[in-house]
Structures are given as C-alpha cells and as structure tokens.
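Trainee: Below: one structure in structure tokens.
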Amino acid sequence: KQEVTQIPAALSVPEGENLVLNCSFTDSAIYNLQWFRQDPGKGLTSLLLIQSSQREQTSGRLNASLDKSSGRSTLYIAASQPGDSATYLCAVNTDKLIFGTGTRLQVFP
Amino acid sequence: DAGVIQSPRHEVTEMGQEVTLRCKPISGHDYLFWYRQTMMRGLELLIYFNNNVPIDDSGMPEDRFSAKMPNASFSTLKIQPSEPRDSAVYFCASSSLAGGPIDTQYFGPGTRLTVL
C-alpha cells in the first residue's frame with residue numbers, strides 16, 4: 001500500500017530564507033508527483049507536476065525534484081515571502097492521487 | 001473559466017439527516033473526483049468518474065455514501081443518514097481527458113460539513 005509522508009509537519013521561518021520541504025513515498029510505481037498549496041478555508045492549487053521520467057520542475061521561485069528510486073521528492077522555495085504562508089501537500093499519482101499529510105509553512109516579516 | 005464550483009460552501013446538519021453536496025467541473029474536463037479531508041486522515045479520494053461513469057469507488061467509506069454524475073457538468077455526493085464522524089471538508093476536483101487521472105487536477109473550494 002502506497003504511503004506518503006511529509007517532513008516537517010510545520011515550519012516557521014523569517015522572510016527571505018530558502019526552504020526545503022520533504023516528501024517520501026513507499027512505492028516507486030508512480031505516474032507522477034504533484035505539489036499543491038492549500039490556503040486556510042480554500043481548495044488546493046497545483047504548483048508543480050513532475051512526471052516519473054523527470055528529475056525536476058521549476059516555476060518561478062519554486063523548484064521540485066524527484067528521485068523515484070529512493071521514493072523522495074523535495075520542494076525548494078527560494079527567498080521566501082509572507083505570501084508563501086500556507087500548507088504544502090505532495091501527492092503521488094498511481095492512477096489516483098495519494099496525498100501526504102502536509103507541511104504547514106509560516107513565513108513572518 | 002470559473003473553475004470547479006461546489007455548493008454549498010458550508011453545511012450544518014443534525015445526525016440522521018440527508019446531506020447532498022454538489023459539484024460542477026470545469027467545462028471540457030472528463031474526469032471528476034470527490035475527496036474528503038479531515039485532521040485525522042488527511043485528504044482521501046472517495047470516488048472518481050470518467051465520462052460520467054464511476055471508475056473507482058473503493059474510497060467510499062460505507063453504504064451511507066453515494067455519488068452520481070447524471071451529466072458532464074454536474075455531480076452529487078449524498079450522505080444518508082449523516083453521522084457526526086462524517087464532519088469534514090469535501091472537495092471536488094476535475095481533470096482533462098488528455099491526461100486522465102494522471103494529469104493535473106483542479107480543485108474546488110470545498111464544502112465544510114458539520115454534523116451535530
């Protein structure tokens with residue numbers, strides 16, 4: 001059974017820091033891995049999707065890497081801003097999405 | 001594009017009552033997903049449809065839950081009778097046929113259900 005774990009569960013940092021959020025999964029038989037952002041009381045917004053054949057994807061200040069063989073992905077956030085404060089969820093796609101429990105990020109001025 | 005639309009946004013009901021949640025997917029999307037999010041279990045897939053046909057309902061917790069998709073632009077998730085442990089946020093998501101369930105999913109804002 002596929003299990004997805006995210007570390008840390010919560011993170012509080014000052015503005016401007018570079019951050020790394022971690023995601024691990026137990027079964028490497030995935031189609032892709034997605035990172036989502038969830039704001040309080042809101043739905044999920046897709047940030048990055050990495051296909052199983054890819055190693056990384058970049059969007060602005062966000063960079064996500066995937067090491068399928070070791071069952072790991074990282075989301076790197078450069079020069080964090082207070083507007084980055086949210087919960088970040090990773091999900092592996094095995095014909096359906098299986099989500100991790102998320103990392104709650106707070107960036108303070 | 002209005003995105004995925006869900007209604008109601010909040011629902012408070014008493015135990016034993018029937019609850020119906022509604023979803024309108026993004027026009028042109030052929031896959032529709034229902035998820036439930038709780039503090040204890042996180043975000044879980046309940047059921048998904050392809051071209052209005054249920055493909056995988058293995059996540060539906062019990063017979064009190066049912067979902068329908070009568071046409072390409074509308075789906076319902078019904079709980080009858082509701083119980084306090086059904087309290088959660090229910091999300092609907094849709095994706096396009098091109099990538100199917102392995103493509104990017106677009107989520108609605110969710111319905112926060114409270115069963116007293």
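Residues in the structure tokens are named by chain (A, B, ... in the order shown) and by number from 1 within that chain; ligands are numbered from 1 in the order shown.
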Write out as a VMD selection string all residues of chain A that DSSP puts in strand (DSSP E) for this structure's backbone.

Mentor: chain A and resid 4 to 7 10 to 14 19 to 25 32 to 38 44 to 51 56 to 59 62 to 67 72 to 77 86 to 93 97 to 99 103 to 108

Trainee: Provide as a list of chain:residue names the residues of chain A at most 7 Å from chain B, counting only C-alpha atoms.

Mentor: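 Here they are: A:Tyr31, A:Lys42, A:Gly43, A:Leu44, A:Thr45, A:Asn93, A:Asp95, A:Lys96, A:Phe99, A:Thr101.
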
Trainee: Just give me the gap between atom CA of B:Gln6 and atom CA of A:Ala91 in Å, one decimal is fine.

Mentor: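 Atom-to-atom, atom CA of B:Gln6 to atom CA of A:Ala91, that is 22.1 Å.
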
Trainee: Nearest to A:Thr26: which of A:Pro109, A:Gly71, A:Pro82, A:Gly102 is it, counting only C-alpha atoms?

Mentor: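 With only C-alpha atoms as the atom set, the closest residue is A:Gly71.
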
Trainee: Quick one: of A:Gln38, A:Asn18, A:Gln6, A:Thr94, who's nearest to A:Gln51, counting only C-alpha atoms?

Mentor: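 Ranked by minimum distance to A:Gln51, first place goes to A:Thr94.
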
Trainee: Hey, what's within 7 Å of B:Arg22 if we count only C-alpha atoms and toss same-chain stuff fewer than 3 positions away? As number ranges by chain, please?

Mentor: B: 6-7, 75-77
